[in-house]
>>> print(open('query.txt').read())   # compact mmCIF, C-alpha atoms and all ligand atoms
# COMPACT_ATOMS: atom_id res chain seq x y z
CA MET X 29 -31.85 -30.25 -82.90
CA GLY X 30 -29.19 -30.31 -85.69
CA LEU X 31 -25.58 -31.42 -85.36
CA GLN X 32 -24.41 -27.80 -85.06
CA SER X 33 -26.82 -27.01 -82.20
CA GLY X 34 -25.79 -30.23 -80.43
CA CYS X 35 -22.13 -29.19 -80.68
CA LYS X 36 -22.94 -25.75 -79.23
CA VAL X 37 -24.76 -27.29 -76.25
CA PHE X 38 -21.83 -29.66 -75.66
CA CYS X 39 -19.33 -26.78 -75.79
CA VAL X 40 -21.35 -24.65 -73.36
CA CYS X 41 -21.67 -27.60 -70.96
CA PHE X 42 -17.94 -28.31 -71.24
CA LEU X 43 -17.07 -24.65 -70.57
CA LEU X 44 -19.40 -24.50 -67.55
CA PHE X 45 -17.91 -27.71 -66.15
CA SER X 46 -14.33 -26.50 -66.71
CA THR X 47 -15.00 -23.13 -65.03
CA ALA X 48 -16.65 -24.86 -62.09
CA LYS X 49 -13.63 -27.16 -61.81
CA LEU X 50 -11.21 -24.21 -61.92
CA GLN X 51 -13.15 -22.31 -59.27
CA ALA X 52 -13.68 -25.35 -57.03
CA GLN X 53 -12.85 -24.52 -53.47
CA ILE X 54 -12.01 -26.81 -50.59
CA LYS X 55 -14.96 -26.69 -48.20
CA VAL X 56 -13.70 -26.66 -44.63
CA ALA X 57 -15.78 -27.07 -41.48
CA SER X 58 -13.84 -26.01 -38.41
CA PHE X 59 -14.47 -26.91 -34.77
CA SER X 60 -11.89 -24.39 -33.53
CA THR X 61 -11.86 -20.61 -33.83
CA VAL X 62 -8.07 -20.59 -34.15
CA LEU X 63 -8.11 -23.26 -36.87
CA SER X 64 -10.77 -21.24 -38.72
CA GLU X 65 -8.36 -18.31 -38.89
CA ILE X 66 -5.45 -20.54 -39.96
CA ALA X 67 -7.60 -22.17 -42.67
CA GLU X 68 -8.76 -18.76 -43.98
CA LYS X 69 -5.23 -17.30 -43.99
CA VAL X 70 -3.58 -20.33 -45.60
CA GLY X 71 -6.47 -21.24 -47.91
CA GLY X 72 -7.24 -17.75 -49.16
CA LYS X 73 -9.61 -17.69 -52.13
CA ASN X 74 -9.21 -21.43 -52.73
CA VAL X 75 -10.95 -22.41 -49.49
CA THR X 76 -14.31 -21.65 -47.87
CA VAL X 77 -14.40 -22.00 -44.10
CA THR X 78 -17.48 -22.62 -41.98
CA SER X 79 -16.77 -22.00 -38.29
CA LEU X 80 -18.94 -24.29 -36.23
CA ILE X 81 -17.55 -22.96 -32.97
CA LYS X 82 -17.99 -19.22 -32.84
CA PRO X 83 -15.62 -16.69 -31.24
CA GLY X 84 -16.30 -16.52 -27.51
CA GLN X 85 -18.04 -19.92 -27.40
CA ASP X 86 -16.70 -22.36 -24.79
CA PRO X 87 -15.33 -25.34 -26.77
CA HIS X 88 -15.37 -27.52 -23.63
CA GLU X 89 -19.14 -27.11 -23.38
CA TYR X 90 -19.89 -27.37 -27.11
CA GLN X 91 -22.52 -29.92 -28.14
CA LEU X 92 -22.91 -31.16 -31.68
CA THR X 93 -26.14 -29.90 -33.29
CA PRO X 94 -27.94 -31.38 -36.34
CA GLY X 95 -27.24 -28.13 -38.24
CA ASP X 96 -23.51 -28.31 -37.51
CA LEU X 97 -23.47 -31.98 -38.46
CA SER X 98 -25.04 -31.09 -41.85
CA ALA X 99 -22.43 -28.38 -42.38
CA ALA X 100 -19.65 -30.82 -41.52
CA SER X 101 -21.13 -33.45 -43.85
CA ALA X 102 -21.23 -30.95 -46.72
CA SER X 103 -17.53 -30.16 -46.33
CA ASP X 104 -14.42 -31.79 -47.80
CA LEU X 105 -12.33 -31.36 -44.67
CA VAL X 106 -13.29 -31.16 -41.01
CA LEU X 107 -10.74 -29.49 -38.76
CA LEU X 108 -10.69 -30.45 -35.09
CA SER X 109 -8.62 -29.03 -32.23
CA GLY X 110 -7.72 -32.56 -31.14
CA LYS X 111 -5.95 -33.63 -27.93
CA GLY X 112 -9.29 -34.75 -26.51
CA MET X 113 -11.14 -31.44 -26.95
CA GLU X 114 -13.90 -33.10 -29.00
CA ALA X 115 -14.01 -36.29 -26.89
CA THR X 116 -17.70 -35.98 -26.00
CA TYR X 117 -18.94 -35.93 -29.61
CA LEU X 118 -16.07 -37.25 -31.73
CA VAL X 119 -17.46 -40.79 -32.14
CA ASN X 120 -20.90 -39.49 -33.20
CA LEU X 121 -19.32 -37.03 -35.60
CA ARG X 122 -17.08 -39.63 -37.26
CA ASP X 123 -19.96 -42.11 -37.53
CA ALA X 124 -22.28 -39.56 -39.15
CA LEU X 125 -19.84 -38.17 -41.73
CA LEU X 126 -19.63 -39.55 -45.25
CA LYS X 127 -16.48 -41.48 -46.15
CA ARG X 128 -15.34 -38.73 -48.57
CA VAL X 129 -15.12 -36.14 -45.76
CA GLN X 130 -11.63 -36.05 -44.30
CA VAL X 131 -11.31 -35.43 -40.57
CA LEU X 132 -8.09 -33.84 -39.35
CA ALA X 133 -7.47 -33.49 -35.60
CA VAL X 134 -4.73 -30.89 -35.96
CA GLY X 135 -3.68 -30.90 -32.31
CA ASP X 136 -2.99 -34.63 -32.50
CA GLN X 137 -0.23 -33.93 -35.04
CA ILE X 138 1.76 -31.69 -32.69
CA PRO X 139 3.51 -32.44 -29.37
CA SER X 140 1.43 -32.40 -26.19
CA LEU X 141 1.80 -31.28 -22.64
CA THR X 142 0.12 -33.67 -20.25
CA LYS X 143 -1.37 -33.34 -16.81
CA GLY X 144 -0.49 -36.29 -14.59
CA ALA X 145 -2.64 -37.84 -11.90
CA ASP X 146 -0.25 -36.53 -9.21
CA GLU X 147 -0.67 -32.91 -10.36
CA GLY X 148 -4.42 -33.07 -10.79
CA LYS X 149 -7.20 -33.11 -8.29
CA GLU X 150 -8.42 -36.58 -9.11
CA PRO X 151 -5.93 -39.15 -7.85
CA GLY X 152 -5.91 -42.42 -9.73
CA LYS X 153 -6.77 -40.76 -13.02
CA GLU X 154 -4.54 -41.38 -15.99
CA GLU X 155 -2.46 -38.67 -17.65
CA THR X 156 -4.61 -36.26 -19.64
CA GLU X 157 -3.47 -34.40 -22.74
CA ASP X 158 -3.69 -30.63 -22.40
CA PRO X 159 -5.78 -29.45 -25.39
CA HIS X 160 -4.88 -25.73 -25.18
CA TRP X 161 -2.05 -25.80 -27.75
CA TRP X 162 -3.11 -22.47 -29.38
CA ASN X 163 -1.85 -20.60 -26.31
CA SER X 164 1.66 -21.29 -27.61
CA ILE X 165 2.66 -19.46 -30.78
CA SER X 166 5.23 -22.15 -31.61
CA GLU X 167 2.49 -24.82 -31.43
CA THR X 168 0.26 -22.65 -33.64
CA GLU X 169 3.11 -22.47 -36.16
CA LYS X 170 3.15 -26.30 -36.23
CA ALA X 171 -0.64 -26.35 -36.64
CA THR X 172 -0.33 -23.97 -39.60
CA VAL X 173 2.06 -26.38 -41.31
CA VAL X 174 -0.37 -29.28 -40.69
CA VAL X 175 -3.27 -27.32 -42.26
CA ARG X 176 -1.11 -26.20 -45.21
CA ASP X 177 -0.10 -29.81 -45.92
CA ALA X 178 -3.73 -30.94 -45.78
CA PHE X 179 -4.72 -28.32 -48.38
CA VAL X 180 -1.76 -29.29 -50.60
CA HIS X 181 -2.85 -32.92 -50.38
CA LEU X 182 -6.49 -32.11 -51.24
CA ASP X 183 -5.87 -29.58 -53.99
CA GLY X 184 -2.72 -30.12 -56.03
CA GLN X 185 -3.65 -27.28 -58.40
CA HIS X 186 -2.93 -24.52 -55.89
CA ILE X 187 0.14 -25.79 -54.05
CA ALA X 188 2.13 -22.59 -54.66
CA ASP X 189 -0.76 -20.47 -53.28
CA TYR X 190 -0.97 -22.53 -50.08
CA GLN X 191 2.79 -22.47 -49.57
CA ALA X 192 3.04 -18.69 -50.10
CA SER X 193 0.08 -17.94 -47.80
CA ALA X 194 1.39 -20.25 -45.09
CA THR X 195 4.85 -18.67 -45.29
CA ALA X 196 3.32 -15.21 -44.86
CA TYR X 197 1.17 -16.34 -41.91
CA LEU X 198 4.14 -18.09 -40.26
CA ALA X 199 6.20 -14.89 -40.61
CA ALA X 200 3.39 -12.94 -38.91
CA LEU X 201 3.35 -15.51 -36.08
CA ARG X 202 7.12 -15.16 -35.57
CA GLU X 203 6.76 -11.38 -35.46
CA LEU X 204 4.00 -11.79 -32.87
CA ASP X 205 6.26 -14.07 -30.81
CA SER X 206 9.03 -11.41 -30.84
CA TRP X 207 6.54 -8.82 -29.62
CA VAL X 208 5.33 -11.16 -26.85
CA LYS X 209 8.89 -11.87 -25.67
CA ARG X 210 9.65 -8.14 -25.41
CA LYS X 211 6.40 -7.41 -23.58
CA VAL X 212 6.88 -10.31 -21.14
CA ALA X 213 10.46 -9.09 -20.50
CA GLU X 214 8.89 -6.05 -18.77
CA LEU X 215 7.80 -8.40 -15.97
CA PRO X 216 10.45 -9.67 -13.50
CA ARG X 217 10.90 -13.43 -13.87
CA ASN X 218 10.08 -13.93 -10.17
CA GLN X 219 6.66 -12.29 -10.68
CA ARG X 220 5.51 -14.66 -13.41
CA THR X 221 2.92 -16.59 -11.46
CA LEU X 222 -0.33 -16.84 -13.36
CA VAL X 223 -3.40 -17.75 -11.33
CA THR X 224 -6.27 -18.62 -13.66
CA SER X 225 -9.68 -20.27 -13.44
CA HIS X 226 -9.19 -23.31 -15.62
CA ASP X 227 -5.84 -24.73 -16.60
CA ALA X 228 -5.56 -23.26 -20.11
CA PHE X 229 -2.16 -21.57 -20.11
CA GLN X 230 0.43 -24.33 -19.57
CA TYR X 231 1.69 -24.05 -23.18
CA PHE X 232 1.96 -20.27 -22.77
CA ALA X 233 3.78 -20.75 -19.45
CA LYS X 234 6.29 -23.13 -21.00
CA ASP X 235 7.17 -20.63 -23.74
CA TYR X 236 7.47 -17.51 -21.61
CA GLY X 237 8.70 -18.67 -18.20
CA PHE X 238 5.48 -18.55 -16.17
CA GLN X 239 4.29 -20.79 -13.36
CA ILE X 240 0.57 -21.64 -13.47
CA ASP X 241 -1.71 -22.07 -10.48
CA SER X 242 -5.13 -22.99 -11.83
CA ILE X 243 -8.26 -23.26 -9.74
CA GLU X 244 -10.12 -25.70 -11.98
CA GLY X 245 -8.71 -28.48 -14.14
CA LEU X 246 -8.11 -28.67 -17.90
CA THR X 247 -11.81 -28.10 -18.62
CA THR X 248 -14.26 -25.46 -17.45
CA ASP X 249 -16.69 -27.88 -15.80
CA GLN X 250 -14.53 -29.22 -12.95
CA GLU X 251 -15.41 -27.82 -9.52
CA PRO X 252 -12.32 -27.29 -7.37
CA SER X 253 -12.08 -28.93 -3.94
CA VAL X 254 -11.93 -26.84 -0.75
CA GLY X 255 -8.41 -28.13 -0.11
CA HIS X 256 -7.25 -27.02 -3.56
CA VAL X 257 -8.77 -23.53 -3.15
CA THR X 258 -7.07 -23.18 0.27
CA ALA X 259 -3.73 -24.21 -1.25
CA ILE X 260 -4.12 -21.68 -4.11
CA ILE X 261 -4.89 -18.88 -1.63
CA ALA X 262 -1.80 -19.81 0.40
CA GLU X 263 0.36 -19.84 -2.76
CA ILE X 264 -0.92 -16.41 -3.87
CA LYS X 265 0.01 -14.97 -0.49
CA LYS X 266 3.38 -16.73 -0.39
CA GLN X 267 4.38 -15.52 -3.85
CA GLY X 268 2.95 -12.03 -3.31
CA VAL X 269 0.91 -12.39 -6.52
CA LYS X 270 -0.69 -9.01 -7.27
CA ALA X 271 -3.47 -10.12 -9.59
CA ILE X 272 -5.42 -13.20 -10.58
CA PHE X 273 -7.40 -13.96 -13.73
CA LEU X 274 -10.79 -15.53 -13.22
CA GLU X 275 -13.40 -16.49 -15.78
CA ASN X 276 -17.16 -16.34 -15.45
CA THR X 277 -17.29 -20.13 -15.77
CA LEU X 278 -15.91 -20.34 -12.21
CA ASN X 279 -18.37 -20.68 -9.35
CA PRO X 280 -18.89 -17.02 -8.20
CA LYS X 281 -18.62 -18.08 -4.53
CA VAL X 282 -15.16 -19.50 -5.21
CA SER X 283 -14.11 -16.31 -7.06
CA VAL X 284 -15.23 -14.14 -4.15
CA GLU X 285 -13.55 -16.42 -1.60
CA ILE X 286 -10.21 -16.40 -3.43
CA THR X 287 -10.03 -12.65 -4.09
CA ARG X 288 -11.20 -11.86 -0.53
CA GLU X 289 -8.88 -14.26 1.26
CA SER X 290 -5.79 -13.81 -0.91
CA GLY X 291 -5.91 -10.02 -1.16
CA ALA X 292 -5.04 -10.25 -4.88
CA ARG X 293 -7.10 -8.11 -7.22
CA SER X 294 -8.78 -9.22 -10.41
CA GLY X 295 -6.32 -8.78 -13.28
CA GLY X 296 -8.94 -8.74 -16.02
CA SER X 297 -10.34 -11.28 -18.42
CA LEU X 298 -8.28 -13.47 -20.73
CA TYR X 299 -9.15 -15.31 -23.91
CA ALA X 300 -8.36 -18.82 -22.66
CA ASP X 301 -10.13 -21.04 -25.18
CA GLY X 302 -9.51 -19.40 -28.52
CA LEU X 303 -10.72 -16.31 -30.33
CA GLY X 304 -13.43 -14.12 -28.87
CA PRO X 305 -15.33 -10.91 -29.51
CA GLY X 306 -13.54 -7.53 -29.33
CA ASP X 307 -9.72 -7.51 -29.21
CA GLY X 308 -9.65 -11.27 -29.51
CA GLU X 309 -11.32 -11.66 -32.88
CA THR X 310 -7.95 -12.37 -34.52
CA TYR X 311 -5.21 -14.69 -33.23
CA ALA X 312 -2.71 -11.82 -32.94
CA GLY X 313 -5.31 -9.64 -31.21
CA MET X 314 -6.18 -12.44 -28.78
CA PHE X 315 -2.54 -13.05 -27.90
CA GLN X 316 -1.69 -9.35 -27.55
CA HIS X 317 -4.73 -8.81 -25.32
CA ASN X 318 -3.77 -11.73 -23.08
CA VAL X 319 -0.11 -10.76 -22.79
CA THR X 320 -0.80 -7.06 -22.17
CA THR X 321 -3.45 -7.89 -19.56
CA ILE X 322 -1.19 -10.37 -17.75
CA VAL X 323 2.00 -8.29 -17.79
CA ASP X 324 0.36 -4.99 -16.85
CA ALA X 325 -1.59 -6.58 -13.99
CA LEU X 326 1.35 -8.49 -12.50
CA LYS X 327 3.94 -5.69 -12.74
CA MET F 8 -51.77 -22.71 13.18
CA ARG F 9 -48.47 -20.86 12.68
CA GLY F 10 -46.77 -21.99 15.95
CA SER F 11 -46.50 -20.22 19.25
CA PRO F 12 -45.00 -16.69 19.53
CA LEU F 13 -42.16 -18.27 21.52
CA VAL F 14 -41.26 -20.61 18.62
CA GLN F 15 -41.46 -17.69 16.14
CA ALA F 16 -39.15 -15.56 18.29
CA GLY F 17 -36.74 -18.49 18.50
CA LEU F 18 -36.64 -18.78 14.72
CA VAL F 19 -35.90 -15.04 14.35
CA VAL F 20 -33.02 -15.29 16.85
CA ALA F 21 -31.62 -18.33 14.97
CA ALA F 22 -31.79 -16.45 11.64
CA LEU F 23 -29.97 -13.45 13.16
CA LEU F 24 -27.26 -15.73 14.54
CA LEU F 25 -26.76 -17.28 11.10
CA LEU F 26 -26.37 -13.79 9.58
CA LEU F 27 -23.66 -13.02 12.12
CA ILE F 28 -21.35 -15.73 10.71
CA PRO F 29 -20.58 -14.01 7.34
CA LEU F 30 -20.46 -10.63 9.13
CA HIS F 31 -17.85 -12.01 11.52
CA ARG F 32 -15.79 -13.40 8.63
CA LEU F 33 -15.81 -10.01 6.89
CA THR F 34 -14.71 -8.10 9.97
CA GLN F 35 -12.15 -10.80 10.82
CA ARG F 36 -10.34 -10.26 7.50
CA GLU F 37 -10.08 -6.51 8.05
CA GLN F 38 -8.31 -7.10 11.36
CA ARG F 39 -5.77 -9.50 9.85
CA PRO F 40 -2.51 -7.79 8.83
CA PRO F 41 -1.44 -8.57 5.25
CA GLU F 42 1.36 -11.11 5.07
CA PRO F 43 4.55 -9.87 3.44
CA PRO F 44 5.44 -11.60 0.17
CA VAL F 45 8.32 -14.05 0.33
CA VAL F 46 9.70 -12.81 -3.02
CA SER F 47 12.97 -11.04 -2.37
CA SER F 48 13.54 -7.67 -3.99
CA ALA F 49 17.15 -7.22 -2.88
CA SER F 50 19.27 -5.84 -5.70
CA LYS F 51 22.81 -6.97 -6.46
CA GLN F 52 25.65 -5.24 -8.24
CA VAL F 53 25.67 -6.94 -11.62
CA HIS F 54 28.64 -6.57 -13.95
CA LEU F 55 27.77 -6.42 -17.65
CA ALA F 56 30.45 -6.95 -20.29
CA VAL F 57 29.76 -6.52 -24.00
CA ARG F 58 31.98 -7.72 -26.84
CA THR F 59 31.29 -7.08 -30.51
CA THR F 60 32.98 -8.69 -33.51
CA ALA F 61 32.41 -5.67 -35.75
CA LEU F 62 32.73 -1.89 -35.40
CA PRO F 63 31.11 0.57 -35.48
CA CYS F 64 28.27 -0.90 -33.47
CA ARG F 65 25.34 0.65 -31.66
CA PHE F 66 23.52 -1.35 -28.99
CA GLN F 67 20.73 -0.81 -26.51
CA ILE F 68 20.03 -3.05 -23.51
CA THR F 69 16.59 -2.77 -21.90
CA PHE F 70 15.70 -4.25 -18.51
CA LEU F 71 12.10 -4.47 -17.21
CA GLY F 72 10.90 -2.03 -19.89
CA LYS F 73 13.53 0.63 -19.10
CA THR F 74 16.71 1.44 -20.99
CA LEU F 75 19.69 0.18 -19.01
CA TRP F 76 22.56 0.92 -21.37
CA VAL F 77 22.84 2.56 -24.81
CA GLU F 78 26.23 2.81 -26.48
CA ASP F 79 27.79 3.76 -29.79
CA ALA F 80 30.70 1.39 -29.41
CA SER F 81 34.03 2.40 -30.86
CA THR F 82 35.98 -0.36 -29.09
CA PRO F 83 35.15 -4.07 -29.29
CA GLU F 84 34.92 -4.57 -25.51
CA LEU F 85 32.96 -2.52 -22.99
CA ALA F 86 31.84 -3.12 -19.39
CA LYS F 87 29.63 -1.45 -16.77
CA ASP F 88 28.17 -2.19 -13.31
CA PHE F 89 24.46 -1.94 -12.53
CA ASP F 90 22.46 -2.31 -9.31
CA ILE F 91 19.65 -4.61 -10.37
CA ASN F 92 17.52 -7.28 -8.79
CA PHE F 93 18.76 -10.71 -9.85
CA PRO F 94 16.28 -13.32 -8.53
CA LYS F 95 16.92 -17.06 -8.65
CA GLU F 96 14.53 -17.20 -11.64
CA GLY F 97 17.03 -15.03 -13.56
CA ILE F 98 16.63 -11.87 -15.64
CA ASP F 99 15.62 -11.03 -19.20
CA LEU F 100 17.62 -8.44 -21.12
CA VAL F 101 16.17 -7.05 -24.36
CA VAL F 102 19.07 -6.39 -26.70
CA ASP F 103 18.88 -4.34 -29.92
CA VAL F 104 22.06 -4.00 -31.94
CA THR F 105 23.00 -2.48 -35.30
CA TRP F 106 26.30 -2.81 -37.12
CA GLU F 107 27.44 -0.73 -40.07
CA THR F 108 28.66 -3.85 -41.82
CA LYS F 109 26.10 -6.09 -43.50
CA ALA F 110 28.40 -9.09 -43.01
CA LEU F 111 27.59 -11.57 -40.24
CA ALA F 112 28.52 -10.10 -36.86
CA ALA F 113 28.05 -11.08 -33.23
CA LEU F 114 27.51 -9.37 -29.90
CA GLU F 115 28.38 -11.33 -26.76
CA ILE F 116 26.96 -10.26 -23.41
CA THR F 117 28.40 -11.56 -20.16
CA VAL F 118 26.56 -11.06 -16.87
CA SER F 119 28.70 -11.53 -13.75
CA LEU F 120 27.32 -11.66 -10.21
CA PRO F 121 29.13 -10.68 -6.99
CA ASP F 122 29.53 -14.38 -6.10
CA GLY F 123 31.71 -14.81 -9.20
CA ASN F 124 29.09 -16.68 -11.20
CA ALA F 125 29.13 -15.56 -14.85
CA MET F 126 26.70 -16.28 -17.70
CA ASN F 127 27.03 -15.32 -21.33
CA LYS F 128 24.83 -15.20 -24.41
CA THR F 129 25.54 -14.23 -28.02
CA LEU F 130 23.40 -12.55 -30.69
CA TRP F 131 24.19 -12.97 -34.36
CA GLY F 132 22.99 -10.78 -37.22
CA GLN F 133 23.70 -9.12 -40.54
CA GLY F 134 23.41 -5.36 -40.02
CA THR F 135 20.97 -5.78 -37.15
CA ALA F 136 19.87 -8.19 -34.40
CA ASN F 137 17.14 -8.01 -31.75
CA GLU F 138 16.52 -10.60 -29.07
CA VAL F 139 15.38 -11.17 -25.52
CA LEU F 140 18.21 -12.93 -23.67
CA THR F 141 17.56 -14.82 -20.45
CA PHE F 142 20.34 -15.14 -17.88
CA ARG F 143 19.88 -17.71 -15.13
CA GLU F 144 22.44 -18.99 -12.65
CA ASP F 145 21.31 -22.61 -13.09
CA GLU F 146 21.61 -22.69 -16.89
ZN ZN X 401 -10.00 -24.56 -21.92
>>> encode(input="query.txt", output="structure tokens")
Amino acid sequence: MGLQSGCKVFCVCFLLFSTAKLQAQIKVASFSTVLSEIAEKVGGKNVTVTSLIKPGQDPHEYQLTPGDLSAASASDLVLLSGKGMEATYLVNLRDALLKRVQVLAVGDQIPSLTKGADEGKEPGKEETEDPHWWNSISETEKATVVVRDAFVHLDGQHIADYQASATAYLAALRELDSWVKRKVAELPRNQRTLVTSHDAFQYFAKDYGFQIDSIEGLTTDQEPSVGHVTAIIAEIKKQGVKAIFLENTLNPKVSVEITRESGARSGGSLYADGLGPGDGETYAGMFQHNVTTIVDALK
Amino acid sequence: MRGSPLVQAGLVVAALLLLLIPLHRLTQREQRPPEPPVVSSASKQVHLAVRTTALPCRFQITFLGKTLWVEDASTPELAKDFDINFPKEGIDLVVDVTWETKALAALEITVSLPDGNAMNKTLWGQGTANEVLTFREDE
């Protein structure tokens, strides 16, 4: 190989390396369907997102698989819901990931609602953070800013792209919030009692003036006590609540007992734990589905 | 040995008795009259006063999904009475306003109840403003 050929090979290698560098994308592994959407919207073409929790999957019941761990290890950034949602596998996940992989628990960067021992069904238990921040659009706006800043920190070459995409997504969220406020305004303020299976809508309630009566706790695996079910039935009757929103994670006997004894009808199904199939495959679709279902059933 | 016919008959009777319990519960509920809800639906005469800083101004006030008041205002102050339910949790009024001027303008809405309690809220905008305003006696 002569000097000229050697130069050619060097140039080709240099060009290939430079192109690869220019096209390098941040690899994101997301443990939240909502964060997957935020990462895709804010990251655009500069980011590839692998959603380890799929739409419709119960994040409370999720268990870390070897395949998901490999996907997380191959990423640059792991996005977590935070606020205790990943408590059962967080230590294993952090231990198994390489040092270069950054882990960002987005929910931990934004304010929390908590459930105190006196409000819960397990006296003596400490205050628990409510992990369902995505059911508040204003919290989702804060999460968007957290994700944007993480991308800016990881990839200084595309700061303007991340800022522009985040601004556009934030504007869409504010438009969604205006729509929600107008839709909720169709429902008298004294009819805003939301009876749900598990306690996933406290952030929503805070934003739009609802009172929540949940049958289960903050997760989908807590069986309600007989006393709590009796109290919920009494409250439904007292408030004249027309409809209640139960999930299939609730013990069917409890569902039947509550609808039979309270006289309230089933208001339909809600997307409580993030995006889902059908209407709920986008954040806006999920929120519009929930609000329309709630308002139309309680009117 | 499967037990005596007497024991078998006893078991059948016991099973039938057990079946009667859910049947009784079902029929019991049908006999129970539904309890009336505690939520009051009494309506009050509510006085609405609107004041705009710029004219001409067109506004629309929507209450519970229905148009309550639409006006092409030619004077800065207008008022009307409405019979509406005003629960202790308050009411939401959806307000849409447009001004001809593109300069900053404001629309103030005052809600007065028969007991003399009055609440007011203001919208600001340049050419247009849209907002859901909540009026509560305890705010
Ligand atoms: Zn949940």
>>> residues_around(input="query.txt", residues="stretch 118-130 of chain F", least_positions_apart="4", cutoff="12 Å", atoms="all atoms listed in the file", output="PDB file with C-alpha atoms, in the coordinates of the input")
ATOM      1  CA  SER F  50      19.270  -5.840  -5.700  1.00  0.00           C
ATOM      2  CA  LYS F  51      22.810  -6.970  -6.460  1.00  0.00           C
ATOM      3  CA  GLN F  52      25.650  -5.240  -8.240  1.00  0.00           C
ATOM      4  CA  VAL F  53      25.670  -6.940 -11.620  1.00  0.00           C
ATOM      5  CA  HIS F  54      28.640  -6.570 -13.950  1.00  0.00           C
ATOM      6  CA  LEU F  55      27.770  -6.420 -17.650  1.00  0.00           C
ATOM      7  CA  ALA F  56      30.450  -6.950 -20.290  1.00  0.00           C
ATOM      8  CA  VAL F  57      29.760  -6.520 -24.000  1.00  0.00           C
ATOM      9  CA  ARG F  58      31.980  -7.720 -26.840  1.00  0.00           C
ATOM     10  CA  THR F  59      31.290  -7.080 -30.510  1.00  0.00           C
ATOM     11  CA  THR F  60      32.980  -8.690 -33.510  1.00  0.00           C
ATOM     12  CA  PHE F  66      23.520  -1.350 -28.990  1.00  0.00           C
ATOM     13  CA  ALA F  86      31.840  -3.120 -19.390  1.00  0.00           C
ATOM     14  CA  LYS F  87      29.630  -1.450 -16.770  1.00  0.00           C
ATOM     15  CA  ASP F  88      28.170  -2.190 -13.310  1.00  0.00           C
ATOM     16  CA  PHE F  89      24.460  -1.940 -12.530  1.00  0.00           C
ATOM     17  CA  ASP F  90      22.460  -2.310  -9.310  1.00  0.00           C
ATOM     18  CA  ILE F  91      19.650  -4.610 -10.370  1.00  0.00           C
ATOM     19  CA  ASN F  92      17.520  -7.280  -8.790  1.00  0.00           C
ATOM     20  CA  PHE F  93      18.760 -10.710  -9.850  1.00  0.00           C
ATOM     21  CA  PRO F  94      16.280 -13.320  -8.530  1.00  0.00           C
ATOM     22  CA  LYS F  95      16.920 -17.060  -8.650  1.00  0.00           C
ATOM     23  CA  GLY F  97      17.030 -15.030 -13.560  1.00  0.00           C
ATOM     24  CA  ILE F  98      16.630 -11.870 -15.640  1.00  0.00           C
ATOM     25  CA  ASP F  99      15.620 -11.030 -19.200  1.00  0.00           C
ATOM     26  CA  LEU F 100      17.620  -8.440 -21.120  1.00  0.00           C
ATOM     27  CA  VAL F 101      16.170  -7.050 -24.360  1.00  0.00           C
ATOM     28  CA  VAL F 102      19.070  -6.390 -26.700  1.00  0.00           C
ATOM     29  CA  ASP F 103      18.880  -4.340 -29.920  1.00  0.00           C
ATOM     30  CA  VAL F 104      22.060  -4.000 -31.940  1.00  0.00           C
ATOM     31  CA  THR F 105      23.000  -2.480 -35.300  1.00  0.00           C
ATOM     32  CA  LEU F 111      27.590 -11.570 -40.240  1.00  0.00           C
ATOM     33  CA  ALA F 112      28.520 -10.100 -36.860  1.00  0.00           C
ATOM     34  CA  ALA F 113      28.050 -11.080 -33.230  1.00  0.00           C
ATOM     35  CA  LEU F 114      27.510  -9.370 -29.900  1.00  0.00           C
ATOM     36  CA  GLY F 134      23.410  -5.360 -40.020  1.00  0.00           C
ATOM     37  CA  THR F 135      20.970  -5.780 -37.150  1.00  0.00           C
ATOM     38  CA  ALA F 136      19.870  -8.190 -34.400  1.00  0.00           C
ATOM     39  CA  ASN F 137      17.140  -8.010 -31.750  1.00  0.00           C
ATOM     40  CA  GLU F 138      16.520 -10.600 -29.070  1.00  0.00           C
ATOM     41  CA  VAL F 139      15.380 -11.170 -25.520  1.00  0.00           C
ATOM     42  CA  LEU F 140      18.210 -12.930 -23.670  1.00  0.00           C
ATOM     43  CA  THR F 141      17.560 -14.820 -20.450  1.00  0.00           C
ATOM     44  CA  PHE F 142      20.340 -15.140 -17.880  1.00  0.00           C
ATOM     45  CA  ARG F 143      19.880 -17.710 -15.130  1.00  0.00           C
ATOM     46  CA  GLU F 144      22.440 -18.990 -12.650  1.00  0.00           C
ATOM     47  CA  ASP F 145      21.310 -22.610 -13.090  1.00  0.00           C
ATOM     48  CA  GLU F 146      21.610 -22.690 -16.890  1.00  0.00           C
TER      49      GLU F 146
END
>>> atom_distance(input="query.txt", atom1="atom CA of X:Ile243", atom2="atom CA of X:Val284")
12.8 Å
>>> atom_distance(input="query.txt", atom1="atom CA of X:His256", atom2="atom CA of X:His317")
28.5 Å
>>> residues_near_ligand(input="query.txt", ligand="ligand ZN 401 (chain X)", cutoff="9 Å", atoms="all atoms listed in the file", output="list in words")
Asp86, Pro87, His88, Met113, Asp158, Pro159, His160, His226, Asp227, Ala228, Phe229, Gly245, Leu246, Thr247, Thr248, Ala300, Asp301 and Gly302 of chain X
>>> atom_distance(input="query.txt", atom1="atom CA of X:Glu203", atom2="atom CA of X:Ala171")
16.7 Å
>>> closest_residue(input="query.txt", among="F:Gly72, F:Pro63, F:Gly132, F:Pro83", to="chain X", atoms="only C-alpha atoms")
F:Gly72
>>> interface_residues(input="query.txt", of="chain X", to="chain F", cutoff="9 Å", atoms="only C-alpha atoms", output="list in words")
Ser206, Lys209, Arg210, Lys211, Val212, Ala213, Glu214, Leu215, Pro216, Arg217, Asn218, Gln219, Gly237, Ile264, Lys265, Lys266, Gln267, Gly268, Val269, Arg288, Glu289 and Gly291 of chain X
